[in-house]
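*Asks:* Dropping in model12.csv, which is CSV, C-alpha atoms:
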chain,number,residue,atom,x,y,z
A,74,MET,CA,-32.9,88.5,11.6
A,75,LEU,CA,-30.2,89.5,13.9
A,76,LEU,CA,-31.2,91.4,17.0
A,77,SER,CA,-29.3,94.3,18.5
A,78,ALA,CA,-29.5,95.4,22.1
A,79,HIS,CA,-31.7,98.3,21.0
A,80,THR,CA,-34.0,95.9,19.2
A,81,LEU,CA,-34.2,93.6,22.2
A,82,LEU,CA,-35.2,96.5,24.5
A,83,ALA,CA,-37.9,97.3,22.0
A,84,LEU,CA,-39.2,93.7,22.1
A,85,LEU,CA,-39.2,93.7,25.8
A,86,THR,CA,-41.0,97.0,26.1
A,87,ALA,CA,-43.6,95.9,23.5
A,88,ALA,CA,-45.2,93.9,26.3
A,89,ALA,CA,-43.0,94.6,29.2
A,90,LEU,CA,-43.6,98.3,30.0
A,91,THR,CA,-40.2,99.8,30.1
A,92,GLY,CA,-43.0,99.3,30.6
A,93,CYS,CA,-32.3,73.4,28.7
A,94,SER,CA,-32.0,71.0,29.5
A,95,THR,CA,-34.8,73.5,29.2
A,96,ALA,CA,-35.9,75.3,32.4
A,97,ASP,CA,-39.6,75.0,31.6
A,98,SER,CA,-41.2,73.2,34.5
A,99,THR,CA,-44.7,72.7,35.9
A,100,ALA,CA,-46.6,75.8,37.0
A,101,GLY,CA,-46.7,76.9,40.6
A,102,THR,CA,-45.5,79.5,43.0
A,103,PRO,CA,-41.9,80.8,42.6
A,104,GLU,CA,-39.4,78.6,44.3
A,105,ALA,CA,-36.0,79.9,45.3
A,106,GLY,CA,-32.8,78.0,45.5
A,107,GLN,CA,-30.9,77.6,48.8
A,108,PRO,CA,-29.5,81.0,49.8
A,109,SER,CA,-25.7,81.4,50.4
A,110,THR,CA,-25.2,83.6,53.4
A,111,ALA,CA,-21.5,83.6,53.0
A,112,ILE,CA,-21.7,85.0,49.6
A,113,ALA,CA,-24.3,87.5,50.6
A,114,ALA,CA,-22.1,88.8,53.4
A,115,GLU,CA,-18.9,89.0,51.3
A,116,ALA,CA,-20.3,90.0,47.9
A,117,LYS,CA,-18.9,93.2,46.5
A,118,PRO,CA,-20.7,95.4,43.9
A,119,LEU,CA,-19.5,94.7,40.4
A,120,SER,CA,-18.9,97.5,37.9
A,121,GLU,CA,-20.2,97.5,34.3
A,122,ALA,CA,-16.7,96.5,33.1
A,123,GLU,CA,-16.7,93.6,35.5
A,124,LEU,CA,-20.2,92.5,34.4
A,125,ARG,CA,-19.2,92.7,30.8
A,126,ALA,CA,-16.3,90.4,31.4
A,127,LEU,CA,-18.7,87.8,32.9
A,128,THR,CA,-21.2,87.7,30.1
A,129,LEU,CA,-21.9,84.4,28.2
A,130,GLN,CA,-19.5,83.2,25.6
A,131,GLU,CA,-20.3,81.7,22.2
A,132,ALA,CA,-19.0,78.2,23.2
A,133,GLU,CA,-21.5,78.2,26.1
A,134,LEU,CA,-24.4,78.9,23.8
A,135,PRO,CA,-24.4,76.4,20.9
A,136,GLU,CA,-28.2,77.2,20.4
A,137,ALA,CA,-27.3,80.8,19.4
A,138,ARG,CA,-26.2,81.9,15.9
A,139,PRO,CA,-22.4,82.3,15.6
A,140,GLY,CA,-21.3,85.9,16.1
A,141,ALA,CA,-24.7,86.9,17.2
A,142,ILE,CA,-24.7,87.4,21.0
A,143,PRO,CA,-23.6,91.1,21.2
A,144,VAL,CA,-23.1,92.8,24.6
A,145,GLN,CA,-24.0,96.4,25.3
A,146,ASP,CA,-24.0,98.7,28.3
A,147,HIS,CA,-27.5,99.3,29.7
A,148,ARG,CA,-29.2,102.1,27.7
A,149,ASP,CA,-30.6,105.1,29.5
A,150,LEU,CA,-34.4,104.5,29.6
A,151,SER,CA,-34.9,108.2,29.4
A,152,ASP,CA,-34.0,107.9,25.7
A,153,TYR,CA,-37.3,106.0,25.1
A,154,PRO,CA,-40.9,107.1,25.2
A,155,SER,CA,-42.6,107.2,28.6
A,156,PHE,CA,-45.4,104.5,28.9
A,157,GLU,CA,-48.2,104.3,31.3
A,158,PRO,CA,-47.6,102.0,34.3
A,159,ALA,CA,-49.3,98.6,34.5
A,160,SER,CA,-52.8,98.6,35.8
A,161,ASP,CA,-51.6,96.3,38.6
A,162,PRO,CA,-48.8,97.8,40.7
A,163,ASP,CA,-47.4,94.4,41.5
A,164,CYS,CA,-47.1,93.6,37.8
A,165,GLN,CA,-45.3,96.9,37.4
A,166,THR,CA,-42.9,95.9,40.2
A,167,VAL,CA,-42.1,92.7,38.3
A,168,HIS,CA,-41.2,94.7,35.1
A,169,ASP,CA,-39.1,97.2,37.0
A,170,ILE,CA,-37.0,94.6,38.7
A,171,ARG,CA,-36.4,92.4,35.7
A,172,ASN,CA,-35.5,95.5,33.7
A,173,ALA,CA,-33.0,96.5,36.4
A,174,ILE,CA,-34.5,100.0,36.9
A,175,ASP,CA,-32.6,100.7,40.2
A,176,ALA,CA,-29.3,98.8,39.5
A,177,SER,CA,-26.0,100.6,40.1
A,178,ALA,CA,-24.4,98.8,37.0
A,179,VAL,CA,-26.1,97.0,34.1
A,180,VAL,CA,-25.0,95.2,30.9
A,181,VAL,CA,-27.4,93.7,28.4
A,182,GLN,CA,-26.5,90.7,26.1
A,183,VAL,CA,-28.6,90.0,23.1
A,184,ILE,CA,-29.0,86.4,22.0
A,185,ASN,CA,-30.0,85.5,18.5
A,186,TRP,CA,-31.2,81.9,18.5
A,187,LYS,CA,-30.7,79.7,15.5
A,188,ASP,CA,-34.3,78.5,15.5
A,189,ASN,CA,-36.1,81.6,16.7
A,190,ILE,CA,-36.3,85.0,14.9
A,191,TYR,CA,-37.5,86.7,18.0
A,192,GLY,CA,-34.4,86.0,20.1
A,193,GLY,CA,-33.7,86.6,23.7
A,194,GLY,CA,-31.2,88.1,26.1
A,195,VAL,CA,-29.5,88.4,29.4
A,196,THR,CA,-29.5,91.4,31.7
A,197,LEU,CA,-26.8,91.4,34.4
A,198,ALA,CA,-27.6,94.0,37.2
A,199,SER,CA,-25.3,94.7,40.1
A,200,TYR,CA,-26.7,96.3,43.3
A,201,ASP,CA,-25.2,97.9,46.4
A,202,GLU,CA,-25.0,95.9,49.6
A,203,GLY,CA,-28.3,94.3,50.6
A,204,GLU,CA,-30.3,95.8,47.8
A,205,ALA,CA,-30.4,92.7,45.6
A,206,GLU,CA,-31.8,90.5,48.5
A,207,GLN,CA,-34.5,93.1,49.2
A,208,LEU,CA,-35.5,93.4,45.6
A,209,PHE,CA,-35.6,89.7,45.1
A,210,ALA,CA,-38.0,89.3,48.1
A,211,GLU,CA,-40.1,92.1,46.5
A,212,LEU,CA,-40.1,90.2,43.2
A,213,GLU,CA,-41.2,87.0,44.8
A,214,ARG,CA,-44.0,88.8,46.6
A,215,ALA,CA,-45.2,90.6,43.5
A,216,LEU,CA,-45.2,87.4,41.4
A,217,ARG,CA,-47.5,85.8,43.9
A,218,SER,CA,-50.0,88.6,43.3
A,219,CYS,CA,-49.6,89.6,39.6
A,220,ARG,CA,-51.9,87.8,37.3
A,221,THR,CA,-53.6,89.7,34.4
A,222,TYR,CA,-53.1,93.4,33.8
A,223,ARG,CA,-53.4,96.1,31.2
A,224,GLY,CA,-50.3,97.7,29.9
A,225,ASP,CA,-49.0,100.3,27.5
A,226,GLY,CA,-46.0,99.8,25.2
A,227,TRP,CA,-44.5,100.1,21.7
A,228,VAL,CA,-47.5,98.2,20.3
A,229,GLY,CA,-50.0,100.3,22.1
A,230,THR,CA,-52.4,99.2,24.8
A,231,TYR,CA,-52.4,95.4,25.5
A,232,THR,CA,-53.4,92.8,28.1
A,233,SER,CA,-51.0,90.3,29.4
A,234,THR,CA,-51.1,87.4,31.9
A,235,MET,CA,-48.2,86.2,34.1
A,236,LYS,CA,-47.8,82.6,35.2
A,237,ALA,CA,-45.2,81.5,37.7
A,238,GLN,CA,-43.4,78.2,37.2
A,239,LYS,CA,-40.8,76.2,39.1
A,240,ALA,CA,-37.4,77.7,38.6
A,241,PRO,CA,-34.1,75.9,38.1
A,242,GLU,CA,-32.0,75.4,41.2
A,243,VAL,CA,-29.3,78.0,40.5
A,244,GLY,CA,-27.7,80.9,42.3
A,245,ASP,CA,-28.8,81.9,45.8
A,246,GLU,CA,-32.4,82.4,44.7
A,247,ALA,CA,-34.3,81.9,41.4
A,248,VAL,CA,-37.8,82.4,40.0
A,249,GLN,CA,-39.3,81.5,36.6
A,250,PHE,CA,-42.4,82.9,35.0
A,251,ARG,CA,-44.0,83.5,31.7
A,252,GLU,CA,-45.9,86.4,30.3
A,253,TYR,CA,-48.6,85.7,27.7
A,254,SER,CA,-50.5,88.0,25.3
A,255,THR,CA,-52.2,87.7,22.0
A,256,VAL,CA,-50.7,89.3,18.9
A,257,GLU,CA,-52.5,89.1,15.5
A,258,LEU,CA,-54.4,85.9,16.5
A,259,ALA,CA,-51.1,84.2,17.7
A,260,LYS,CA,-49.9,83.7,21.3
A,261,ARG,CA,-47.0,85.8,22.4
A,262,ASP,CA,-45.0,83.9,25.0
A,263,GLU,CA,-42.1,85.4,27.0
A,264,LEU,CA,-40.0,83.3,29.3
A,265,PHE,CA,-38.2,84.9,32.2
A,266,ILE,CA,-35.7,83.2,34.6
A,267,VAL,CA,-34.5,85.6,37.2
A,268,VAL,CA,-31.5,84.5,39.4
A,269,ARG,CA,-29.9,86.3,42.3
A,270,THR,CA,-26.2,85.5,43.1
A,271,GLY,CA,-24.9,87.7,45.9
A,272,GLY,CA,-25.5,91.3,44.9
A,273,VAL,CA,-26.2,90.5,41.2
A,274,ILE,CA,-29.6,89.8,39.7
A,275,ALA,CA,-29.5,88.1,36.3
A,276,THR,CA,-32.6,88.0,34.1
A,277,TYR,CA,-32.7,85.5,31.2
A,278,HIS,CA,-35.3,86.1,28.6
A,279,SER,CA,-36.6,84.3,25.5
A,280,LEU,CA,-39.5,85.3,23.3
A,281,ASP,CA,-41.6,83.5,20.7
A,282,VAL,CA,-44.9,83.8,19.0
A,283,GLY,CA,-47.0,80.7,18.3
A,284,ARG,CA,-44.4,78.5,20.0
A,285,THR,CA,-43.1,78.0,23.5
A,286,PRO,CA,-39.7,79.7,24.0
A,287,THR,CA,-37.0,78.1,26.2
A,288,PHE,CA,-33.6,79.0,27.7
A,289,PRO,CA,-30.9,76.4,28.3
A,290,THR,CA,-30.0,75.8,31.9
A,291,GLU,CA,-26.3,75.0,31.6
A,292,PRO,CA,-25.2,78.5,30.5
A,293,ILE,CA,-27.1,79.9,33.5
A,294,ILE,CA,-25.2,77.6,35.8
A,295,LYS,CA,-21.8,78.5,34.4
A,296,GLN,CA,-22.5,82.2,34.5
A,297,THR,CA,-23.8,82.0,38.1
A,298,GLU,CA,-20.5,80.3,39.1
A,299,ARG,CA,-18.5,83.2,37.5
A,300,LEU,CA,-20.7,85.8,39.2
A,301,ARG,CA,-20.2,84.1,42.6
A,302,ALA,CA,-16.4,83.9,42.2
A,303,ALA,CA,-16.1,87.5,41.0
A,304,GLN,CA,-18.0,88.8,44.0
A,305,SER,CA,-15.9,86.9,46.5
A,306,LYS,CA,-12.5,88.2,45.4
Kindly transcribe the structure held in the file into structure tokens.

*Replies:*
Amino acid sequence: MLLSAHTLLALLTAAALTGCSTADSTAGTPEAGQPSTAIAAEAKPLSEAELRALTLQEAELPEARPGAIPVQDHRDLSDYPSFEPASDPDCQTVHDIRNAIDASAVVVQVINWKDNIYGGGVTLASYDEGEAEQLFAELERALRSCRTYRGDGWVGTYTSTMKAQKAPEVGDEAVQFREYSTVELAKRDELFIVVRTGGVIATYHSLDVGRTPTFPTEPIIKQTERLRAAQSK
């Protein structure tokens, strides 16, 4: 089953409220990488066209199905139903940031894995000067507080639990967490790796049911290097 960007957004909102080497480490509080003050000072906001040119290539994702990593501009969320916010405001904050609600430019890349019908994706979000750093600090704070909450989405009302994990050391800052819920007696497991590089926040996502999803680290490293170079020009 090939996923489109529209389908990916539906999967995300089903339990996300819109509303690797494998980077799956031991649980704990979010750990950020070493910040790069030089990049933070020099980073220029990237346009949607520039973000599109920096998306992952097929050769970088051998785990994906050939010809099945489409890229699409960020869809206007006003086109979708309005869902009730999460019962925990901090959990809602996590959803809003990983879904790039306030970004100035966004592109979404869908990833259809060879061994996972649920797929995954990458959201690249560019922010104006200083905004990405502020949002990432807010994300880290919210992740320390968010645990279990009630939400509303495409599948109706549900209950999810978030669990922070050790993040890969990439970008200026990075966090990793999982979101768990139960669907038809099976465990729905979503992996999120969120990386800030200068004024860009990239969210890597993988979903599975009854199994533990992963996202390879090497493509994240390569994309981070491209994002850093593009912002320093």

*Asks:* Provide the CA of Val267 (chain A) to CA of Glu157 (chain A) distance in Å, to one decimal place.

*Replies:*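 Separating CA of Val267 (chain A) from CA of Glu157 (chain A) is a distance of 23.9 Å.
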
*Asks:* Could the residues of region 142-229 of chain A that have an atom at most 9 Å from region 275-284 of chain A be listed as CSV, each with its closest atom pair and the distance in Å to one decimal, counting all atoms listed in the file and ordered by chain and ascending residue number?

*Replies:*
residue,atom,partner,partner_atom,distance
A:Arg171,CA,A:Thr276,CA,6.0
A:Asn172,CA,A:Thr276,CA,8.1
A:Ala173,CA,A:Thr276,CA,8.8
A:Ile184,CA,A:Ser279,CA,8.6
A:Asn189,CA,A:Asp281,CA,7.1
A:Ile190,CA,A:Asp281,CA,8.0
A:Tyr191,CA,A:Leu280,CA,5.8
A:Gly192,CA,A:Leu280,CA,6.1
A:Gly193,CA,A:Ser279,CA,4.1
A:Gly194,CA,A:His278,CA,5.2
A:Val195,CA,A:Tyr277,CA,4.7
A:Thr196,CA,A:Thr276,CA,5.2
A:Leu197,CA,A:Ala275,CA,4.7
A:Ala198,CA,A:Ala275,CA,6.3
A:Ser199,CA,A:Ala275,CA,8.7

*Asks:* So the first atom is CA of Gln249 (chain A) and the second is CA of Gly203 (chain A); what is the distance between them in Å, to one decimal place?

*Replies:* 21.9 Å

*Asks:* Using Å and a single decimal, report how far CA of Tyr200 (chain A) sits from CA of Gly271 (chain A).

*Replies:*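 It comes out at 9.2 Å.
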
*Asks:* Pick from A:Glu213, A:Thr128, A:Pro286, A:Ile266: nearest to Asp188 (chain A), with only C-alpha atoms counted?

*Replies:*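 Using only C-alpha atoms, Asp188 (chain A) sits closest to A:Pro286.
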
*Asks:* Which residues are near Lys236 (chain A)? Cut-off 7 Å, only C-alpha atoms, ignore same chain within fewer than 4 positions. Put them as a ChimeraX atom specification.

*Replies:* /A:220,250-252

*Asks:* Determine, counting only C-alpha atoms, every residue of protein, DNA or RNA that lies within 8 Å of (-25.4, 82.4, 27.1) in the file coordinates, then give the result as a ChimeraX atom specification.

*Replies:* /A:128-131,133-134,142,184,195,292-293,296

*Asks:* How about saving the chosen residues, C-alpha atoms kept, as a PDB file, keeping the file's coordinate frame?

*Replies:*
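Saved result, selection08.pdb, follows:
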ATOM      1  CA  THR A 128     -21.200  87.700  30.100  1.00  0.00           C
ATOM      2  CA  LEU A 129     -21.900  84.400  28.200  1.00  0.00           C
ATOM      3  CA  GLN A 130     -19.500  83.200  25.600  1.00  0.00           C
ATOM      4  CA  GLU A 131     -20.300  81.700  22.200  1.00  0.00           C
ATOM      5  CA  GLU A 133     -21.500  78.200  26.100  1.00  0.00           C
ATOM      6  CA  LEU A 134     -24.400  78.900  23.800  1.00  0.00           C
ATOM      7  CA  ILE A 142     -24.700  87.400  21.000  1.00  0.00           C
ATOM      8  CA  ILE A 184     -29.000  86.400  22.000  1.00  0.00           C
ATOM      9  CA  VAL A 195     -29.500  88.400  29.400  1.00  0.00           C
ATOM     10  CA  PRO A 292     -25.200  78.500  30.500  1.00  0.00           C
ATOM     11  CA  ILE A 293     -27.100  79.900  33.500  1.00  0.00           C
ATOM     12  CA  GLN A 296     -22.500  82.200  34.500  1.00  0.00           C
TER      13      GLN A 296
END

*Asks:* Restricting the calculation to only C-alpha atoms: of A:Leu208, A:Pro289, A:Asp175, A:Phe156, which residue gets closest to Asp225 (chain A)?

*Replies:* A:Phe156

*Asks:* What lies within 9 Å of Cys164 (chain A) using all atoms listed in the file, ignoring chain neighbours under 5 positions off, as an MDAnalysis selection string?

*Replies:* chainID A and resid 159 169 215:216 218:222 235

*Asks:* A:Gln182, A:Ser120, A:Arg217, A:Glu136: which is nearest Asp163 (chain A), counting all atoms listed in the file?

*Replies:*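 Smallest separation from Asp163 (chain A) among the options: A:Arg217.
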
*Asks:* Counting all atoms listed in the file, which of A:Asn185, A:Ser160, A:Ser155, A:Gln165 gets nearest to Pro143 (chain A)?

*Replies:*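 When distances to Pro143 (chain A) are compared using all atoms listed in the file, the smallest one comes from A:Asn185.
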
*Asks:* Nearest to Val243 (chain A) among A:Arg125, A:Arg269, A:Val179, A:Thr230, with distances taken over all atoms listed in the file: which residue is it?

*Replies:*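 Checking each candidate against Val243 (chain A), we get A:Arg269 as the closest.
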
*Asks:* Closest to Glu291 (chain A) among A:Ala132, A:Val256, A:Ile174, A:Leu127, using all atoms listed in the file?

*Replies:*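 Closest to Glu291 (chain A), using all atoms listed in the file: A:Ala132.
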